[in-house]
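The structure file protein_34.tsv is reproduced below (TSV, N, CA and C atoms).
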chain	number	residue	atom	x	y	z
A	179	MET	N	9.35	-66.69	-44.24
A	179	MET	CA	9.78	-67.58	-43.18
A	179	MET	C	10.97	-66.97	-42.45
A	180	SER	N	11.03	-67.20	-41.18
A	180	SER	CA	12.06	-66.61	-40.33
A	180	SER	C	13.42	-67.27	-40.54
A	181	GLN	N	14.46	-66.48	-40.35
A	181	GLN	CA	15.82	-66.99	-40.38
A	181	GLN	C	16.31	-67.30	-38.97
A	182	THR	N	15.52	-67.06	-37.98
A	182	THR	CA	15.89	-67.31	-36.60
A	182	THR	C	15.97	-68.82	-36.37
A	183	PRO	N	17.09	-69.31	-35.84
A	183	PRO	CA	17.16	-70.75	-35.55
A	183	PRO	C	16.21	-71.09	-34.41
A	184	ILE	N	15.73	-72.32	-34.39
A	184	ILE	CA	14.82	-72.70	-33.32
A	184	ILE	C	15.55	-72.69	-31.98
A	185	ILE	N	16.81	-73.12	-31.96
A	185	ILE	CA	17.63	-73.11	-30.75
A	185	ILE	C	18.92	-72.35	-31.04
A	186	ASP	N	19.28	-71.45	-30.16
A	186	ASP	CA	20.56	-70.75	-30.23
A	186	ASP	C	21.52	-71.54	-29.34
A	187	TRP	N	22.26	-72.46	-29.94
A	187	TRP	CA	23.13	-73.35	-29.17
A	187	TRP	C	24.28	-72.61	-28.51
A	188	THR	N	24.67	-71.48	-29.08
A	188	THR	CA	25.70	-70.66	-28.43
A	188	THR	C	25.19	-70.17	-27.09
A	189	ARG	N	23.94	-69.73	-27.05
A	189	ARG	CA	23.34	-69.28	-25.78
A	189	ARG	C	23.23	-70.42	-24.79
A	190	VAL	N	22.87	-71.61	-25.27
A	190	VAL	CA	22.75	-72.77	-24.38
A	190	VAL	C	24.11	-73.05	-23.74
A	191	ALA	N	25.18	-73.02	-24.54
A	191	ALA	CA	26.52	-73.25	-24.01
A	191	ALA	C	26.92	-72.16	-23.02
A	192	GLU	N	26.56	-70.91	-23.32
A	192	GLU	CA	26.85	-69.81	-22.40
A	192	GLU	C	26.14	-70.01	-21.07
A	193	LEU	N	24.88	-70.40	-21.12
A	193	LEU	CA	24.13	-70.64	-19.89
A	193	LEU	C	24.78	-71.75	-19.08
A	194	ARG	N	25.20	-72.80	-19.75
A	194	ARG	CA	25.87	-73.91	-19.05
A	194	ARG	C	27.15	-73.42	-18.36
A	195	GLU	N	27.87	-72.55	-19.03
A	195	GLU	CA	29.08	-71.98	-18.43
A	195	GLU	C	28.73	-71.08	-17.24
A	196	GLU	N	27.65	-70.31	-17.37
A	196	GLU	CA	27.24	-69.39	-16.30
A	196	GLU	C	26.84	-70.12	-15.03
A	197	VAL	N	26.07	-71.20	-15.17
A	197	VAL	CA	25.56	-71.89	-13.99
A	197	VAL	C	26.42	-73.08	-13.58
A	198	GLY	N	27.27	-73.51	-14.48
A	198	GLY	CA	28.13	-74.67	-14.22
A	198	GLY	C	27.47	-75.94	-14.72
A	199	PRO	N	28.30	-76.86	-15.20
A	199	PRO	CA	27.76	-78.11	-15.75
A	199	PRO	C	26.92	-78.91	-14.76
A	200	GLU	N	27.29	-78.86	-13.47
A	200	GLU	CA	26.56	-79.64	-12.47
A	200	GLU	C	25.15	-79.10	-12.20
A	201	ASP	N	24.93	-77.82	-12.39
A	201	ASP	CA	23.61	-77.23	-12.14
A	201	ASP	C	22.80	-76.97	-13.42
A	202	PHE	N	23.41	-77.19	-14.56
A	202	PHE	CA	22.75	-76.86	-15.83
A	202	PHE	C	21.42	-77.57	-16.00
A	203	TYR	N	21.40	-78.87	-15.78
A	203	TYR	CA	20.15	-79.61	-16.02
A	203	TYR	C	19.07	-79.29	-14.99
A	204	GLU	N	19.47	-78.85	-13.81
A	204	GLU	CA	18.49	-78.39	-12.83
A	204	GLU	C	17.83	-77.09	-13.33
A	205	VAL	N	18.64	-76.20	-13.89
A	205	VAL	CA	18.11	-74.96	-14.47
A	205	VAL	C	17.17	-75.28	-15.62
A	206	VAL	N	17.54	-76.24	-16.44
A	206	VAL	CA	16.69	-76.65	-17.57
A	206	VAL	C	15.37	-77.20	-17.05
A	207	ALA	N	15.42	-78.02	-16.01
A	207	ALA	CA	14.19	-78.59	-15.44
A	207	ALA	C	13.26	-77.49	-14.92
A	208	VAL	N	13.83	-76.50	-14.23
A	208	VAL	CA	13.03	-75.38	-13.73
A	208	VAL	C	12.43	-74.60	-14.90
A	209	PHE	N	13.24	-74.39	-15.94
A	209	PHE	CA	12.74	-73.70	-17.14
A	209	PHE	C	11.52	-74.41	-17.69
A	210	PHE	N	11.62	-75.73	-17.89
A	210	PHE	CA	10.50	-76.47	-18.47
A	210	PHE	C	9.29	-76.48	-17.55
A	211	GLU	N	9.51	-76.53	-16.25
A	211	GLU	CA	8.39	-76.50	-15.30
A	211	GLU	C	7.66	-75.16	-15.39
A	212	GLU	N	8.43	-74.07	-15.32
A	212	GLU	CA	7.81	-72.74	-15.31
A	212	GLU	C	7.21	-72.38	-16.67
A	213	THR	N	7.95	-72.63	-17.73
A	213	THR	CA	7.43	-72.27	-19.06
A	213	THR	C	6.30	-73.20	-19.47
A	214	GLY	N	6.36	-74.44	-19.05
A	214	GLY	CA	5.27	-75.37	-19.38
A	214	GLY	C	3.95	-74.88	-18.82
A	215	ALA	N	3.98	-74.41	-17.58
A	215	ALA	CA	2.77	-73.86	-16.97
A	215	ALA	C	2.31	-72.59	-17.68
A	216	ALA	N	3.26	-71.74	-18.02
A	216	ALA	CA	2.92	-70.47	-18.69
A	216	ALA	C	2.39	-70.73	-20.10
A	217	VAL	N	2.98	-71.68	-20.80
A	217	VAL	CA	2.52	-72.01	-22.15
A	217	VAL	C	1.11	-72.59	-22.08
A	218	ALA	N	0.87	-73.46	-21.11
A	218	ALA	CA	-0.47	-74.05	-20.95
A	218	ALA	C	-1.51	-72.98	-20.66
A	219	ALA	N	-1.14	-71.98	-19.87
A	219	ALA	CA	-2.07	-70.91	-19.51
A	219	ALA	C	-2.26	-69.90	-20.64
A	220	LEU	N	-1.32	-69.87	-21.56
A	220	LEU	CA	-1.35	-68.85	-22.62
A	220	LEU	C	-2.61	-68.94	-23.47
A	221	SER	N	-3.01	-70.12	-23.84
A	221	SER	CA	-4.18	-70.24	-24.72
A	221	SER	C	-5.48	-69.85	-24.02
A	222	ALA	N	-5.50	-69.89	-22.69
A	222	ALA	CA	-6.71	-69.53	-21.95
A	222	ALA	C	-6.61	-68.14	-21.33
A	223	ALA	N	-5.48	-67.47	-21.53
A	223	ALA	CA	-5.27	-66.16	-20.89
A	223	ALA	C	-6.22	-65.11	-21.47
A	224	PRO	N	-6.82	-64.30	-20.61
A	224	PRO	CA	-7.63	-63.19	-21.10
A	224	PRO	C	-6.73	-62.20	-21.85
A	225	ALA	N	-7.34	-61.44	-22.72
A	225	ALA	CA	-6.58	-60.49	-23.54
A	225	ALA	C	-5.69	-59.58	-22.71
A	226	GLY	N	-6.15	-59.18	-21.55
A	226	GLY	CA	-5.37	-58.28	-20.70
A	226	GLY	C	-4.14	-58.92	-20.08
A	227	GLU	N	-4.10	-60.24	-20.03
A	227	GLU	CA	-2.97	-60.94	-19.42
A	227	GLU	C	-2.01	-61.54	-20.44
A	228	ILE	N	-2.44	-61.66	-21.67
A	228	ILE	CA	-1.62	-62.36	-22.66
A	228	ILE	C	-0.28	-61.67	-22.88
A	229	ARG	N	-0.29	-60.35	-22.86
A	229	ARG	CA	0.96	-59.61	-23.07
A	229	ARG	C	1.95	-59.90	-21.94
A	230	MET	N	1.48	-59.96	-20.71
A	230	MET	CA	2.34	-60.27	-19.56
A	230	MET	C	2.89	-61.69	-19.67
A	231	GLN	N	2.04	-62.63	-20.06
A	231	GLN	CA	2.49	-64.03	-20.24
A	231	GLN	C	3.55	-64.11	-21.33
A	232	LEU	N	3.32	-63.40	-22.43
A	232	LEU	CA	4.28	-63.42	-23.53
A	232	LEU	C	5.61	-62.79	-23.12
A	233	HIS	N	5.56	-61.76	-22.32
A	233	HIS	CA	6.79	-61.12	-21.85
A	233	HIS	C	7.61	-62.11	-21.01
A	234	PHE	N	6.95	-62.80	-20.10
A	234	PHE	CA	7.63	-63.80	-19.28
A	234	PHE	C	8.23	-64.90	-20.17
A	235	LEU	N	7.43	-65.41	-21.09
A	235	LEU	CA	7.90	-66.48	-21.96
A	235	LEU	C	9.06	-66.03	-22.85
A	236	LYS	N	9.00	-64.79	-23.32
A	236	LYS	CA	10.09	-64.26	-24.16
A	236	LYS	C	11.40	-64.28	-23.39
A	237	GLY	N	11.39	-63.76	-22.18
A	237	GLY	CA	12.61	-63.71	-21.38
A	237	GLY	C	13.13	-65.10	-21.03
A	238	SER	N	12.24	-65.98	-20.67
A	238	SER	CA	12.64	-67.34	-20.34
A	238	SER	C	13.21	-68.06	-21.56
A	239	ALA	N	12.54	-67.89	-22.69
A	239	ALA	CA	13.00	-68.52	-23.92
A	239	ALA	C	14.38	-68.00	-24.33
A	240	ARG	N	14.58	-66.72	-24.23
A	240	ARG	CA	15.90	-66.15	-24.55
A	240	ARG	C	16.98	-66.70	-23.64
A	241	ASN	N	16.66	-66.83	-22.37
A	241	ASN	CA	17.64	-67.30	-21.40
A	241	ASN	C	18.14	-68.70	-21.73
A	242	LEU	N	17.26	-69.58	-22.20
A	242	LEU	CA	17.65	-70.95	-22.50
A	242	LEU	C	18.01	-71.14	-23.97
A	243	GLY	N	17.92	-70.10	-24.77
A	243	GLY	CA	18.31	-70.22	-26.17
A	243	GLY	C	17.20	-70.65	-27.10
A	244	PHE	N	15.96	-70.57	-26.67
A	244	PHE	CA	14.83	-70.89	-27.54
A	244	PHE	C	14.55	-69.66	-28.41
A	245	ALA	N	15.41	-69.45	-29.39
A	245	ALA	CA	15.46	-68.20	-30.15
A	245	ALA	C	14.17	-67.92	-30.93
A	246	GLU	N	13.66	-68.89	-31.64
A	246	GLU	CA	12.46	-68.66	-32.45
A	246	GLU	C	11.25	-68.39	-31.55
A	247	MET	N	11.15	-69.10	-30.46
A	247	MET	CA	10.04	-68.86	-29.53
A	247	MET	C	10.13	-67.46	-28.95
A	248	ALA	N	11.32	-67.02	-28.58
A	248	ALA	CA	11.50	-65.66	-28.06
A	248	ALA	C	11.06	-64.64	-29.10
A	249	ARG	N	11.43	-64.87	-30.36
A	249	ARG	CA	11.06	-63.95	-31.43
A	249	ARG	C	9.54	-63.90	-31.60
A	250	LEU	N	8.90	-65.05	-31.58
A	250	LEU	CA	7.44	-65.10	-31.72
A	250	LEU	C	6.74	-64.43	-30.53
A	251	CYS	N	7.26	-64.63	-29.33
A	251	CYS	CA	6.67	-64.00	-28.14
A	251	CYS	C	6.83	-62.48	-28.21
A	252	GLU	N	7.98	-62.02	-28.67
A	252	GLU	CA	8.19	-60.58	-28.79
A	252	GLU	C	7.22	-59.98	-29.81
A	253	ALA	N	7.06	-60.65	-30.93
A	253	ALA	CA	6.10	-60.18	-31.94
A	253	ALA	C	4.68	-60.21	-31.38
A	254	GLY	N	4.37	-61.25	-30.62
A	254	GLY	CA	3.05	-61.36	-29.99
A	254	GLY	C	2.80	-60.26	-28.98
A	255	GLU	N	3.84	-59.89	-28.24
A	255	GLU	CA	3.71	-58.77	-27.29
A	255	GLU	C	3.31	-57.49	-28.02
A	256	ARG	N	3.99	-57.23	-29.14
A	256	ARG	CA	3.67	-56.02	-29.91
A	256	ARG	C	2.24	-56.08	-30.46
A	257	MET	N	1.85	-57.26	-30.92
A	257	MET	CA	0.49	-57.42	-31.44
A	257	MET	C	-0.54	-57.19	-30.33
A	258	ALA	N	-0.29	-57.77	-29.17
A	258	ALA	CA	-1.22	-57.62	-28.03
A	258	ALA	C	-1.31	-56.15	-27.61
A	259	ALA	N	-0.19	-55.45	-27.65
A	259	ALA	CA	-0.18	-54.03	-27.27
A	259	ALA	C	-1.04	-53.21	-28.23
A	260	ARG	N	-1.11	-53.64	-29.48
A	260	ARG	CA	-1.94	-52.95	-30.48
A	260	ARG	C	-3.38	-53.46	-30.50
A	261	GLY	N	-3.68	-54.44	-29.66
A	261	GLY	CA	-5.03	-54.98	-29.61
A	261	GLY	C	-5.31	-56.00	-30.70
A	262	GLU	N	-4.26	-56.49	-31.34
A	262	GLU	CA	-4.42	-57.48	-32.42
A	262	GLU	C	-4.44	-58.89	-31.84
A	263	ALA	N	-5.00	-59.81	-32.61
A	263	ALA	CA	-5.01	-61.21	-32.21
A	263	ALA	C	-3.59	-61.77	-32.29
A	264	VAL	N	-3.21	-62.50	-31.29
A	264	VAL	CA	-1.88	-63.10	-31.22
A	264	VAL	C	-1.98	-64.55	-31.69
A	265	PRO	N	-1.07	-64.99	-32.56
A	265	PRO	CA	-1.11	-66.38	-33.05
A	265	PRO	C	-0.58	-67.36	-31.99
A	266	VAL	N	-1.38	-67.56	-30.96
A	266	VAL	CA	-0.98	-68.40	-29.83
A	266	VAL	C	-0.64	-69.82	-30.29
A	267	ASP	N	-1.42	-70.37	-31.22
A	267	ASP	CA	-1.16	-71.74	-31.69
A	267	ASP	C	0.24	-71.87	-32.28
A	268	ARG	N	0.68	-70.85	-32.97
A	268	ARG	CA	2.02	-70.86	-33.56
A	268	ARG	C	3.10	-70.85	-32.47
A	269	ILE	N	2.87	-70.08	-31.42
A	269	ILE	CA	3.81	-70.02	-30.31
A	269	ILE	C	3.86	-71.37	-29.59
A	270	LEU	N	2.70	-71.98	-29.38
A	270	LEU	CA	2.64	-73.28	-28.73
A	270	LEU	C	3.35	-74.35	-29.56
A	271	ALA	N	3.14	-74.33	-30.87
A	271	ALA	CA	3.80	-75.30	-31.75
A	271	ALA	C	5.32	-75.09	-31.74
A	272	CYS	N	5.75	-73.85	-31.71
A	272	CYS	CA	7.17	-73.55	-31.66
A	272	CYS	C	7.78	-74.05	-30.36
A	273	TYR	N	7.09	-73.87	-29.25
A	273	TYR	CA	7.57	-74.35	-27.95
A	273	TYR	C	7.74	-75.87	-28.00
A	274	ASP	N	6.75	-76.56	-28.52
A	274	ASP	CA	6.83	-78.02	-28.60
A	274	ASP	C	8.01	-78.46	-29.47
A	275	ALA	N	8.19	-77.79	-30.62
A	275	ALA	CA	9.29	-78.14	-31.52
A	275	ALA	C	10.64	-77.83	-30.88
A	276	ALA	N	10.75	-76.69	-30.21
A	276	ALA	CA	12.01	-76.32	-29.56
A	276	ALA	C	12.33	-77.28	-28.43
A	277	ARG	N	11.34	-77.64	-27.68
A	277	ARG	CA	11.57	-78.58	-26.57
A	277	ARG	C	12.03	-79.93	-27.09
A	278	ALA	N	11.41	-80.41	-28.16
A	278	ALA	CA	11.80	-81.69	-28.75
A	278	ALA	C	13.22	-81.62	-29.32
A	279	THR	N	13.52	-80.53	-30.02
A	279	THR	CA	14.86	-80.36	-30.59
A	279	THR	C	15.91	-80.28	-29.49
A	280	PHE	N	15.62	-79.52	-28.46
A	280	PHE	CA	16.53	-79.38	-27.33
A	280	PHE	C	16.82	-80.74	-26.71
A	281	GLY	N	15.76	-81.48	-26.41
A	281	GLY	CA	15.92	-82.78	-25.79
A	281	GLY	C	16.71	-83.76	-26.64
A	282	ALA	N	16.50	-83.71	-27.94
A	282	ALA	CA	17.17	-84.63	-28.85
A	282	ALA	C	18.64	-84.28	-29.08
A	283	GLU	N	18.98	-82.99	-28.99
A	283	GLU	CA	20.30	-82.56	-29.42
A	283	GLU	C	21.21	-82.03	-28.32
A	284	VAL	N	20.70	-81.69	-27.17
A	284	VAL	CA	21.51	-81.00	-26.15
A	284	VAL	C	22.74	-81.79	-25.74
A	285	GLY	N	22.60	-83.08	-25.55
A	285	GLY	CA	23.73	-83.90	-25.13
A	285	GLY	C	24.88	-83.84	-26.13
A	286	ASP	N	24.56	-84.04	-27.40
A	286	ASP	CA	25.59	-84.00	-28.46
A	286	ASP	C	26.15	-82.60	-28.64
A	287	ARG	N	25.31	-81.59	-28.58
A	287	ARG	CA	25.76	-80.21	-28.80
A	287	ARG	C	26.71	-79.74	-27.71
A	288	LEU	N	26.46	-80.14	-26.47
A	288	LEU	CA	27.30	-79.69	-25.37
A	288	LEU	C	28.48	-80.61	-25.12
A	289	ALA	N	28.49	-81.78	-25.74
A	289	ALA	CA	29.60	-82.72	-25.57
A	289	ALA	C	30.83	-82.26	-26.34
A	290	ALA	N	30.62	-81.49	-27.39
A	290	ALA	CA	31.74	-81.07	-28.24
A	290	ALA	C	32.62	-80.05	-27.58

Go ahead and express the file in the form of structure tokens.
Amino acid sequence: MSQTPIIDWTRVAELREEVGPEDFYEVVAVFFEETGAAVAALSAAPAGEIRMQLHFLKGSARNLGFAEMARLCEAGERMAARGEAVPVDRILACYDAARATFGAEVGDRLAA
């Protein structure tokens, strides 16, 4: 089992500082809009496109602090490059869990 936290709250706080508290939730909304579409397309992506989708998701996940998802996408990229099957269901489940955790905890985590 991975030691990677599902959310890197330090990164979330850094992003909030980078964009400013007033724009933070707008950035989060854009993240969920863009990654939601990419995650939905991931399970139907042809083998030739899955690596590109995973690369996008990895970068987006890292930017918002979705650490475990970024790790899984990076591993999936390597698997896709080798022609191996990528555990897309695991990535989708991680996204759902990270999104739920983020939504439940972000207010308290950033209030401190």

Contact residues around A:Ser221 with all atoms listed in the file at 8 Å, ignoring same-chain residues under 5 positions, as JSON, numbers by chain: {"A": [216, 228, 266, 267]}

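In this structure, atom N of A:Ala259 sits 6.9 Å away from atom N of A:Arg229.
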
May I have the residues within 12 Å of A:Leu232 as a PyMOL selection string, using only C-alpha atoms and disregarding those fewer than 6 positions away in the same chain? chain A and resi 213+216-221+223+225-226+238-240+247-259+264-266+269-270

With N, CA and C atoms retained, could you export that selection as a PDB file, keeping the file's coordinate frame?
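To be explicit, this is the file written out as part-v9.pdb:
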ATOM      1  N   THR A 213       7.950 -72.630 -17.730  1.00  0.00           N
ATOM      2  CA  THR A 213       7.430 -72.270 -19.060  1.00  0.00           C
ATOM      3  C   THR A 213       6.300 -73.200 -19.470  1.00  0.00           C
ATOM      4  N   ALA A 216       3.260 -71.740 -18.020  1.00  0.00           N
ATOM      5  CA  ALA A 216       2.920 -70.470 -18.690  1.00  0.00           C
ATOM      6  C   ALA A 216       2.390 -70.730 -20.100  1.00  0.00           C
ATOM      7  N   VAL A 217       2.980 -71.680 -20.800  1.00  0.00           N
ATOM      8  CA  VAL A 217       2.520 -72.010 -22.150  1.00  0.00           C
ATOM      9  C   VAL A 217       1.110 -72.590 -22.080  1.00  0.00           C
ATOM     10  N   ALA A 218       0.870 -73.460 -21.110  1.00  0.00           N
ATOM     11  CA  ALA A 218      -0.470 -74.050 -20.950  1.00  0.00           C
ATOM     12  C   ALA A 218      -1.510 -72.980 -20.660  1.00  0.00           C
ATOM     13  N   ALA A 219      -1.140 -71.980 -19.870  1.00  0.00           N
ATOM     14  CA  ALA A 219      -2.070 -70.910 -19.510  1.00  0.00           C
ATOM     15  C   ALA A 219      -2.260 -69.900 -20.640  1.00  0.00           C
ATOM     16  N   LEU A 220      -1.320 -69.870 -21.560  1.00  0.00           N
ATOM     17  CA  LEU A 220      -1.350 -68.850 -22.620  1.00  0.00           C
ATOM     18  C   LEU A 220      -2.610 -68.940 -23.470  1.00  0.00           C
ATOM     19  N   SER A 221      -3.010 -70.120 -23.840  1.00  0.00           N
ATOM     20  CA  SER A 221      -4.180 -70.240 -24.720  1.00  0.00           C
ATOM     21  C   SER A 221      -5.480 -69.850 -24.020  1.00  0.00           C
ATOM     22  N   ALA A 223      -5.480 -67.470 -21.530  1.00  0.00           N
ATOM     23  CA  ALA A 223      -5.270 -66.160 -20.890  1.00  0.00           C
ATOM     24  C   ALA A 223      -6.220 -65.110 -21.470  1.00  0.00           C
ATOM     25  N   ALA A 225      -7.340 -61.440 -22.720  1.00  0.00           N
ATOM     26  CA  ALA A 225      -6.580 -60.490 -23.540  1.00  0.00           C
ATOM     27  C   ALA A 225      -5.690 -59.580 -22.710  1.00  0.00           C
ATOM     28  N   GLY A 226      -6.150 -59.180 -21.550  1.00  0.00           N
ATOM     29  CA  GLY A 226      -5.370 -58.280 -20.700  1.00  0.00           C
ATOM     30  C   GLY A 226      -4.140 -58.920 -20.080  1.00  0.00           C
ATOM     31  N   SER A 238      12.240 -65.980 -20.670  1.00  0.00           N
ATOM     32  CA  SER A 238      12.640 -67.340 -20.340  1.00  0.00           C
ATOM     33  C   SER A 238      13.210 -68.060 -21.560  1.00  0.00           C
ATOM     34  N   ALA A 239      12.540 -67.890 -22.690  1.00  0.00           N
ATOM     35  CA  ALA A 239      13.000 -68.520 -23.920  1.00  0.00           C
ATOM     36  C   ALA A 239      14.380 -68.000 -24.330  1.00  0.00           C
ATOM     37  N   ARG A 240      14.580 -66.720 -24.230  1.00  0.00           N
ATOM     38  CA  ARG A 240      15.900 -66.150 -24.550  1.00  0.00           C
ATOM     39  C   ARG A 240      16.980 -66.700 -23.640  1.00  0.00           C
ATOM     40  N   MET A 247      11.150 -69.100 -30.460  1.00  0.00           N
ATOM     41  CA  MET A 247      10.040 -68.860 -29.530  1.00  0.00           C
ATOM     42  C   MET A 247      10.130 -67.460 -28.950  1.00  0.00           C
ATOM     43  N   ALA A 248      11.320 -67.020 -28.580  1.00  0.00           N
ATOM     44  CA  ALA A 248      11.500 -65.660 -28.060  1.00  0.00           C
ATOM     45  C   ALA A 248      11.060 -64.640 -29.100  1.00  0.00           C
ATOM     46  N   ARG A 249      11.430 -64.870 -30.360  1.00  0.00           N
ATOM     47  CA  ARG A 249      11.060 -63.950 -31.430  1.00  0.00           C
ATOM     48  C   ARG A 249       9.540 -63.900 -31.600  1.00  0.00           C
ATOM     49  N   LEU A 250       8.900 -65.050 -31.580  1.00  0.00           N
ATOM     50  CA  LEU A 250       7.440 -65.100 -31.720  1.00  0.00           C
ATOM     51  C   LEU A 250       6.740 -64.430 -30.530  1.00  0.00           C
ATOM     52  N   CYS A 251       7.260 -64.630 -29.330  1.00  0.00           N
ATOM     53  CA  CYS A 251       6.670 -64.000 -28.140  1.00  0.00           C
ATOM     54  C   CYS A 251       6.830 -62.480 -28.210  1.00  0.00           C
ATOM     55  N   GLU A 252       7.980 -62.020 -28.670  1.00  0.00           N
ATOM     56  CA  GLU A 252       8.190 -60.580 -28.790  1.00  0.00           C
ATOM     57  C   GLU A 252       7.220 -59.980 -29.810  1.00  0.00           C
ATOM     58  N   ALA A 253       7.060 -60.650 -30.930  1.00  0.00           N
ATOM     59  CA  ALA A 253       6.100 -60.180 -31.940  1.00  0.00           C
ATOM     60  C   ALA A 253       4.680 -60.210 -31.380  1.00  0.00           C
ATOM     61  N   GLY A 254       4.370 -61.250 -30.620  1.00  0.00           N
ATOM     62  CA  GLY A 254       3.050 -61.360 -29.990  1.00  0.00           C
ATOM     63  C   GLY A 254       2.800 -60.260 -28.980  1.00  0.00           C
ATOM     64  N   GLU A 255       3.840 -59.890 -28.240  1.00  0.00           N
ATOM     65  CA  GLU A 255       3.710 -58.770 -27.290  1.00  0.00           C
ATOM     66  C   GLU A 255       3.310 -57.490 -28.020  1.00  0.00           C
ATOM     67  N   ARG A 256       3.990 -57.230 -29.140  1.00  0.00           N
ATOM     68  CA  ARG A 256       3.670 -56.020 -29.910  1.00  0.00           C
ATOM     69  C   ARG A 256       2.240 -56.080 -30.460  1.00  0.00           C
ATOM     70  N   MET A 257       1.850 -57.260 -30.920  1.00  0.00           N
ATOM     71  CA  MET A 257       0.490 -57.420 -31.440  1.00  0.00           C
ATOM     72  C   MET A 257      -0.540 -57.190 -30.330  1.00  0.00           C
ATOM     73  N   ALA A 258      -0.290 -57.770 -29.170  1.00  0.00           N
ATOM     74  CA  ALA A 258      -1.220 -57.620 -28.030  1.00  0.00           C
ATOM     75  C   ALA A 258      -1.310 -56.150 -27.610  1.00  0.00           C
ATOM     76  N   ALA A 259      -0.190 -55.450 -27.650  1.00  0.00           N
ATOM     77  CA  ALA A 259      -0.180 -54.030 -27.270  1.00  0.00           C
ATOM     78  C   ALA A 259      -1.040 -53.210 -28.230  1.00  0.00           C
ATOM     79  N   VAL A 264      -3.210 -62.500 -31.290  1.00  0.00           N
ATOM     80  CA  VAL A 264      -1.880 -63.100 -31.220  1.00  0.00           C
ATOM     81  C   VAL A 264      -1.980 -64.550 -31.690  1.00  0.00           C
ATOM     82  N   PRO A 265      -1.070 -64.990 -32.560  1.00  0.00           N
ATOM     83  CA  PRO A 265      -1.110 -66.380 -33.050  1.00  0.00           C
ATOM     84  C   PRO A 265      -0.580 -67.360 -31.990  1.00  0.00           C
ATOM     85  N   VAL A 266      -1.380 -67.560 -30.960  1.00  0.00           N
ATOM     86  CA  VAL A 266      -0.980 -68.400 -29.830  1.00  0.00           C
ATOM     87  C   VAL A 266      -0.640 -69.820 -30.290  1.00  0.00           C
ATOM     88  N   ILE A 269       2.870 -70.080 -31.420  1.00  0.00           N
ATOM     89  CA  ILE A 269       3.810 -70.020 -30.310  1.00  0.00           C
ATOM     90  C   ILE A 269       3.860 -71.370 -29.590  1.00  0.00           C
ATOM     91  N   LEU A 270       2.700 -71.980 -29.380  1.00  0.00           N
ATOM     92  CA  LEU A 270       2.640 -73.280 -28.730  1.00  0.00           C
ATOM     93  C   LEU A 270       3.350 -74.350 -29.560  1.00  0.00           C
TER      94      LEU A 270
END

Would you return as JSON, numbers by chain the members of chain A that DSSP assigns to helix (DSSP H, G or I) on this structure's backbone? {"A": [187, 188, 189, 190, 191, 192, 193, 194, 195, 196, 197, 199, 200, 201, 202, 203, 204, 205, 206, 207, 208, 209, 210, 211, 212, 213, 214, 215, 216, 217, 218, 219, 220, 225, 226, 227, 228, 229, 230, 231, 232, 233, 234, 235, 236, 237, 238, 239, 240, 241, 242, 245, 246, 247, 248, 249, 250, 251, 252, 253, 254, 255, 256, 257, 258, 259, 266, 267, 268, 269, 270, 271, 272, 273, 274, 275, 276, 277, 278, 279, 280, 281, 282, 283, 284, 285, 286, 287, 288, 289]}

Selected residue, from A:Ala282, A:Ala275, A:Ala289, A:Leu242, that lies nearest to A:Leu193 when counting only N, CA and C atoms: A:Leu242

Could you tell me how far atom N of A:Ala271 sits from atom N of A:Val206, in Å to one decimal place? 20.5 Å

Using only N, CA and C atoms, the best pick from A:Glu262, A:Glu283, A:Glu200, A:Glu246 as closest to A:Gln181 would be A:Glu246

For atom CA of A:Arg287 and atom C of A:Glu211, quote the distance in Å rounded to one decimal.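 The value is 23.1 Å.
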